[in-house]
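*Asks:* Supplied in structure tokens, the structure appears directly below.
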Amino acid sequence: MALAVGCRARPGKSRDNKTGSWRVFKPVFDHDKCSKCGMCQTLCPEGCVHEDTEGFFDPDYNYCKGCGICAAECPKEAIAMKQEEK
Amino acid sequence: MMEITEGSHAVAEAVRLCRPQVVSAYPITPQTHIVEALADFVANGKLDAEYITVENELSALSACVGASAAGSRAYSATTSQGLMLMAEVVFNAAGMRLPIVMSIANRAMGAPLSIWNDMQDSISLRDAGWLHFYAEDNQEATDLHFLAFKVAEDPSVQLPVFVCFDGFILSHTYEPVDILTQEQADTFLPAFAPAEKLDAKDPISFGMYATPEYYLEFRYETNEAQKRAKDAIVKYGKEFGALFGRDYSAMIEEYRLDDADTAIVAMGSMCGTIKDAIDEMREEGKKVGLLRIRVFRPFPIEEVAKALAHVKRIAVLDKNVSLGSRGGATAIEVRDALYGSTIPVKGYILGLGGRDIRKKDIKEIVSLCEKGIGDQFYGLRKELI
Amino acid sequence: MKELRIHGRGGQGSVTAAELIAVAAFEGGAYAQAFPAFGVERRGAPVQAFVRFDNKKIRKRSQVYEPDYIIVQDSTLIKDVNVFLGVKPGGIVIVNTEKKPDFKVPEGVRLITIDATSIALKALGLPITNTTLMGAFAAASGEIQFGALENALKHRFPGELAVKNIAAAKTAYDSVKGAA
């Protein structure tokens with residue numbers, strides 16, 4: 001049977017569903033203004049903001065839905081929401 | 001060893017011998033003696049299990065779902081209103097394909113409040129995906145627990161089981177029962193070895209959501225598992241018989257049915273009284289036989305159709321009623337099994353809410369069936385209606 | 001098959017009596033079945049319990065309507081409930097009363113009266129008459145041996161309590177045997 005008995009699933013299944021295409025506005029992170037507080041990562045409902053080796057943050061546009069929470073909460077106003085060109 | 005004991009205690013002993021690792025239940029009459037005894041066993045070190053006390057039945061079965069998904073053999077017991085409070089989890093347990101075994105000391109549903117016996121409780125949850133076993137006496141009520149775990153845990157089945165026996169009529173009756181030794185029980189029922197289980201080191205989720213593209217197929221597969229359960233019941237019922245002399249491979253029992261003109265179809269403890277009534281009717285020259293249904297889910301459609309093919313008329317006795325339909329659940333199933341046949345099937349609703357069923361009632365029903373009268377409540381007190 | 005119906009009031013131990021009589025009968029090699037009239041568990045309310053005896057498996061599950069034996073634990077029940085209903089001709093009725101009977105049992109039925117309350121009070125210090133009447137039943141019916149009854153009581157009650165209950169049962173047993 002192709003289906004898993006009892007609808008059982010291994011973790012990570014949601015990675016198959018790339019939600020980036022839903023986006024109308026795209027968050028653009030300005031590392032010059034960033035204080036590395038990590039609020040964007042903490043509050044991202046999609047869990048798609050990742051920290052790089054220097055401690056700066058960037059979203060994974062494969063999954064970012066463009067909700068804008070990171071931009072609204074950023075204490076340094078280092079995230080700008082720009083309309084996606086489709 | 002043969003001993004004389006109360007039905008509830010015999011069932012509790014059988015459950016202990018099945019070595020459940022988690023027991024979670026909420027006491028409700030007439031099931032109480034079972035869970036009291038199990039709590040004693042755990043407290044006194046006679047059963048190495050977690051006994052999870054909970055605030056209600058919803059939590060009791062939920063605890064069992066978690067325990068079973070985590071790879072434990074899990075057991076609960078309930079009846080009536082308690083079962084209804086569990087209803088949501090009853091469906092989930094089957095959908096997650098968890099081999100939980102639950103004793104149902106069958107009791108009527110309120111309102112009006114009734115603590116007495118009928119089968120409305122478990123029958124009302126016949127579509128949830130659980131297997132349904134119905135015992136005639138306390139020997140069977142005891143033995144069916146071993147079979148239940150064995151069938152439930154078979155990789156081809158992976159479904160939970162209701163082991164049903166009439167509340168009070170069986171649960172509170174002292175009679176001789178042969179209870180297996182631990183060694184015998186272990187021979188038949190080895191430790192639970194689930195294919196998949198909750199494990200933090202190797203994460204997995206149970207019962208994830210299914211969109212319309214998938215849900216139908218999950219229900220289909222659960223139904224297929226019900227069908228496969230028939231093979232498992234035959235296989236393990238036979239194995240039990242070979243080991244201990246009591247064969248439960250047949251989903252139906254036929255009593256003096258071979259040459260019968262009138263067949264009675266029934267489930268549970270009333271079948272004992274029916275057998276005595278049949279013996280007396282036979283002495284009076286009436287060719288009456290009984291088809292007892294031991295496994296109601298999966299329903300033995302072909303077996304029932306075959307066993308009844310030769311009779312002239314059928315009286316189906318139901319201790320439940322599907323309100324707003326032509327009768328009780330068993331009658332509806334039997335008609336379905338015989339679809340296309342010209343044998344008249346008459347249903348009789350009786351014994352609801354603890355109304356006693358006597359031999360003379362069985363004889364009266366056979367007379368009514370011979371006259372073609374049926375599809376009715378039997379034994380109504382005319383002065384009350 | 002022989003059938004026994006016990007009438008009592010909640011708290012007098014009718015259900016226990018039925019169970020222990022069945023246990024004793026089973027020890028004697030019989031197939032026995034014991035069960036209560038379900039549900040009425042209030043102290044003082046009229047209750048019934050039943051026992052069946054046979055030399056083969058008992059399948060019947062209905063209540064007992066035509067008993068061979070009747071035990072009445074409390075004679076005041078006779079006014080409230082038709083305790084003798086359905087008793088078979090040749091049957092035995094055992095009634096706990098200290099008085100001369102002011103009631104009649106059906107034709108052809110043997111009546112045994114016994115002051116079980118006094119016996120129980122003396123032996124146990126409590127007016128719980130079930131074990132006393134079990135002794136009377138063993139003597140009157142022959143369905144159970146006194147030794148088996150003694151074992152059943154020892155199994156059910158701890159130490160001293162078993163001894164007292166056995167003494168109560170023995171007094172009644174000897175009294176009925178002596179009168180026969």
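Letters for chains follow the order of the structure tokens (A, B, ...), residue numbers begin at 1 for each chain, and ligand numbers begin at 1 in the order shown.
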Would you give me, as a tab-separated table (two decimals) with N, CA and C atoms, in the first residue's frame, the residues of chain B that come within 9 Å of chain C, using only C-alpha atoms?
*Replies:*
chain	number	residue	atom	x	y	z
B	3	GLU	N	-12.11	-22.71	38.06
B	3	GLU	CA	-12.48	-22.15	39.35
B	3	GLU	C	-13.81	-21.45	39.20
B	4	ILE	N	-14.48	-21.24	40.32
B	4	ILE	CA	-15.75	-20.53	40.24
B	4	ILE	C	-15.50	-19.10	40.72
B	5	THR	N	-15.83	-18.17	39.88
B	5	THR	CA	-15.55	-16.78	40.21
B	5	THR	C	-16.52	-15.86	39.47
B	6	GLU	N	-16.48	-14.60	39.87
B	6	GLU	CA	-17.35	-13.62	39.23
B	6	GLU	C	-16.82	-13.31	37.83
B	115	ILE	N	-28.93	1.66	34.41
B	115	ILE	CA	-27.62	1.04	34.61
B	115	ILE	C	-27.64	-0.40	34.11
B	116	TRP	N	-28.80	-0.86	33.61
B	116	TRP	CA	-28.97	-2.28	33.32
B	116	TRP	C	-28.50	-2.62	31.91
B	136	GLU	N	-20.92	-15.29	25.00
B	136	GLU	CA	-22.16	-15.88	25.52
B	136	GLU	C	-22.06	-16.15	27.02
B	137	ASP	N	-20.87	-16.56	27.46
B	137	ASP	CA	-20.72	-16.89	28.88
B	137	ASP	C	-19.37	-16.36	29.37
B	168	PHE	N	-23.71	-7.03	34.14
B	168	PHE	CA	-24.43	-7.71	35.22
B	168	PHE	C	-24.67	-9.18	34.89
B	169	ILE	N	-25.38	-9.43	33.78
B	169	ILE	CA	-25.78	-10.81	33.47
B	169	ILE	C	-24.56	-11.72	33.39
B	170	LEU	N	-23.48	-11.22	32.83
B	170	LEU	CA	-22.23	-11.98	32.86
B	170	LEU	C	-21.24	-11.39	33.86
B	172	HIS	N	-21.49	-9.89	36.64
B	172	HIS	CA	-21.76	-10.09	38.06
B	172	HIS	C	-22.16	-11.52	38.41
B	173	THR	N	-22.00	-12.43	37.47
B	173	THR	CA	-22.39	-13.81	37.73
B	173	THR	C	-21.18	-14.66	38.10
B	174	TYR	N	-21.36	-15.44	39.17
B	174	TYR	CA	-20.37	-16.45	39.54
B	174	TYR	C	-20.67	-17.70	38.75
B	175	GLU	N	-19.69	-18.22	38.06
B	175	GLU	CA	-19.83	-19.52	37.42
B	175	GLU	C	-18.44	-20.08	37.15
B	176	PRO	N	-18.35	-21.37	36.90
B	176	PRO	CA	-17.01	-21.95	36.69
B	176	PRO	C	-16.37	-21.43	35.40
B	269	SER	N	-25.30	-13.19	25.94
B	269	SER	CA	-25.70	-14.13	26.99
B	269	SER	C	-27.09	-14.70	26.79
B	270	MET	N	-27.96	-13.99	26.06
B	270	MET	CA	-29.30	-14.54	25.88
B	270	MET	C	-29.26	-15.84	25.09
B	271	CYS	N	-28.15	-16.10	24.40
B	271	CYS	CA	-28.06	-17.31	23.59
B	271	CYS	C	-28.08	-18.58	24.45
B	272	GLY	N	-27.61	-18.49	25.69
B	272	GLY	CA	-27.69	-19.64	26.59
B	272	GLY	C	-29.13	-20.00	26.87
B	273	THR	N	-29.92	-19.00	27.22
B	273	THR	CA	-31.35	-19.22	27.48
B	273	THR	C	-32.04	-19.72	26.21
B	274	ILE	N	-31.63	-19.17	25.07
B	274	ILE	CA	-32.22	-19.58	23.79
B	274	ILE	C	-31.94	-21.06	23.53
B	275	LYS	N	-30.72	-21.51	23.82
B	275	LYS	CA	-30.38	-22.92	23.60
B	275	LYS	C	-31.27	-23.84	24.46
B	276	ASP	N	-31.48	-23.45	25.72
B	276	ASP	CA	-32.36	-24.25	26.58
B	276	ASP	C	-33.78	-24.26	26.01
B	277	ALA	N	-34.24	-23.11	25.54
B	277	ALA	CA	-35.59	-23.03	24.97
B	277	ALA	C	-35.68	-23.89	23.71
B	354	GLY	N	-32.27	-3.99	30.65
B	354	GLY	CA	-32.27	-4.99	31.70
B	354	GLY	C	-33.54	-5.82	31.81
B	356	ASP	N	-35.73	-8.78	31.70
B	356	ASP	CA	-35.29	-10.17	31.73
B	356	ASP	C	-35.80	-10.91	30.48
B	357	ILE	N	-34.99	-11.83	30.00
B	357	ILE	CA	-35.37	-12.65	28.84
B	357	ILE	C	-35.48	-14.09	29.31
B	358	ARG	N	-36.68	-14.66	29.16
B	358	ARG	CA	-36.94	-16.01	29.66
B	358	ARG	C	-37.15	-16.98	28.51
B	359	LYS	N	-37.11	-18.26	28.84
B	359	LYS	CA	-37.34	-19.28	27.82
B	359	LYS	C	-38.70	-19.08	27.16
*Asks:* Write out as a list in words which residues come within 9 Å of Met134 in chain C when counting only C-alpha atoms, dropping same-chain ones fewer than 6 positions away.
*Replies:*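 Selected residues are Ala17, Ala18, Leu20, Ile21, Ile71, Leu149, Ala169, Ala172 and Tyr173 of chain C.
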*Asks:* Per residue of chain B within 10 Å of chain A, record the nearest atom pair and its distance in Å to one decimal, counting only C-alpha atoms, with rows in chain order and ascending residue number, as a Markdown table.
*Replies:*
| residue | atom | partner | partner_atom | distance |
| --- | --- | --- | --- | --- |
| B:Asn92 | CA | A:Gly6 | CA | 9.3 |
| B:Ala93 | CA | A:Gly6 | CA | 9.0 |
| B:Ala94 | CA | A:Gly6 | CA | 8.0 |
| B:Gly95 | CA | A:Gly6 | CA | 5.5 |
| B:Met96 | CA | A:Gly6 | CA | 3.9 |
| B:Arg97 | CA | A:Gly6 | CA | 5.0 |
| B:Leu98 | CA | A:Gly6 | CA | 8.0 |
| B:Gln158 | CA | A:Val5 | CA | 8.6 |
| B:Leu159 | CA | A:Gly6 | CA | 9.5 |
| B:Glu196 | CA | A:Arg8 | CA | 8.9 |
| B:Lys197 | CA | A:Arg8 | CA | 9.7 |
| B:Asp202 | CA | A:Arg10 | CA | 8.5 |
| B:Pro203 | CA | A:Arg10 | CA | 6.3 |
| B:Ile204 | CA | A:Arg10 | CA | 4.5 |
| B:Ser205 | CA | A:Ala9 | CA | 5.1 |
| B:Phe206 | CA | A:Arg8 | CA | 4.3 |
| B:Gly207 | CA | A:Cys7 | CA | 4.7 |
| B:Met208 | CA | A:Cys7 | CA | 5.5 |
| B:Tyr209 | CA | A:Cys7 | CA | 7.4 |
| B:Ala210 | CA | A:Cys7 | CA | 7.7 |
| B:Tyr214 | CA | A:Leu3 | CA | 8.4 |
| B:Tyr215 | CA | A:Cys7 | CA | 9.3 |
| B:Glu217 | CA | A:Leu3 | CA | 8.0 |
| B:Phe218 | CA | A:Cys7 | CA | 7.3 |
| B:Arg219 | CA | A:Gly6 | CA | 9.7 |
| B:Glu221 | CA | A:Val5 | CA | 8.0 |
| B:Thr222 | CA | A:Gly6 | CA | 8.2 |
| B:Ala225 | CA | A:Val5 | CA | 9.9 |
*Asks:* Using DSSP on the backbone, list every residue of range 13-166 of chain B that comes out as helix (DSSP H, G or I), and give them as a VMD selection string.
*Replies:* chain B and resid 13 to 17 32 to 43 57 to 69 80 to 95 120 to 124 138 to 153
*Asks:* Near Ala111 in chain B, counting only C-alpha atoms, which residues have an atom at most 12 Å away, once you skip same-chain residues fewer than 3 positions from it, shown as a PyMOL selection string?
*Replies:* chain B and resi 80-81+108+114-115+353
*Asks:* Please save C-alpha atoms of the selected residues as a compact mmCIF listing (two decimals), in the first residue's frame.
*Replies:*
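part_4.txt was written with the following content:
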# COMPACT_ATOMS: atom_id res chain seq x y z
CA SER B 80 -22.61 2.86 28.22
CA GLN B 81 -22.21 6.59 28.91
CA ALA B 108 -28.18 0.56 28.08
CA SER B 114 -30.52 2.90 33.09
CA ILE B 115 -27.62 1.04 34.61
CA GLY B 353 -32.55 -1.72 29.80
*Asks:* Within 7 Å of Cys64 in chain A, counting only C-alpha atoms, which residues show up once you throw out same-chain ones fewer than 6 positions away? Write them as a list of chain:residue names, please.
*Replies:*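 Those residues are A:Thr19, A:Gly20, A:Glu46, A:Cys48.
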*Asks:* Give me the residues near Ile119 in chain C as a list in words, where near means some atom within 9 Å (using only C-alpha atoms) and where sequence neighbours in that chain fewer than 6 positions away do not count.
*Replies:* Pro127, Thr129, Thr132, Ala168, Ala169, Thr171 and Ala172 of chain C
*Asks:* Determine which residues of chain C DSSP labels as strand (DSSP E or B) from the backbone of this structure, then write them out as a ChimeraX atom specification.
*Replies:* /C:2-9,31-36,46-54,69-72,92-96,110-114
*Asks:* Give me, please, the distance in Å between CA of Glu3 in chain C and CA of Asn130 in chain C, quoted to one decimal.
*Replies:*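 Pair CA of Glu3 in chain C / CA of Asn130 in chain C returns 17.5 Å.
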*Asks:* Considering only C-alpha atoms, return as JSON, numbers by chain whatever protein or nucleic-acid residues lie within 9 Å of Val35 in chain B, sequence-local ones (same chain, fewer than 3 positions apart) excluded.
*Replies:* {"B": [8, 12, 23, 24, 25, 26, 27, 31, 32, 38, 39, 40, 76, 77]}
*Asks:* Expressed in Å to a single decimal, how great is the separation between CA of Glu254 in chain B and CA of Arg126 in chain B?
*Replies:* 23.1 Å
*Asks:* Set the distance at 8 Å and use only C-alpha atoms: which residues neighbour Glu84 in chain A once local chain neighbours fewer than 4 positions away are removed? I'd like the list as a list in words.
*Replies:*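 In the requested format, the answer is Arg23, Val24, Phe25 and Lys26 of chain A.
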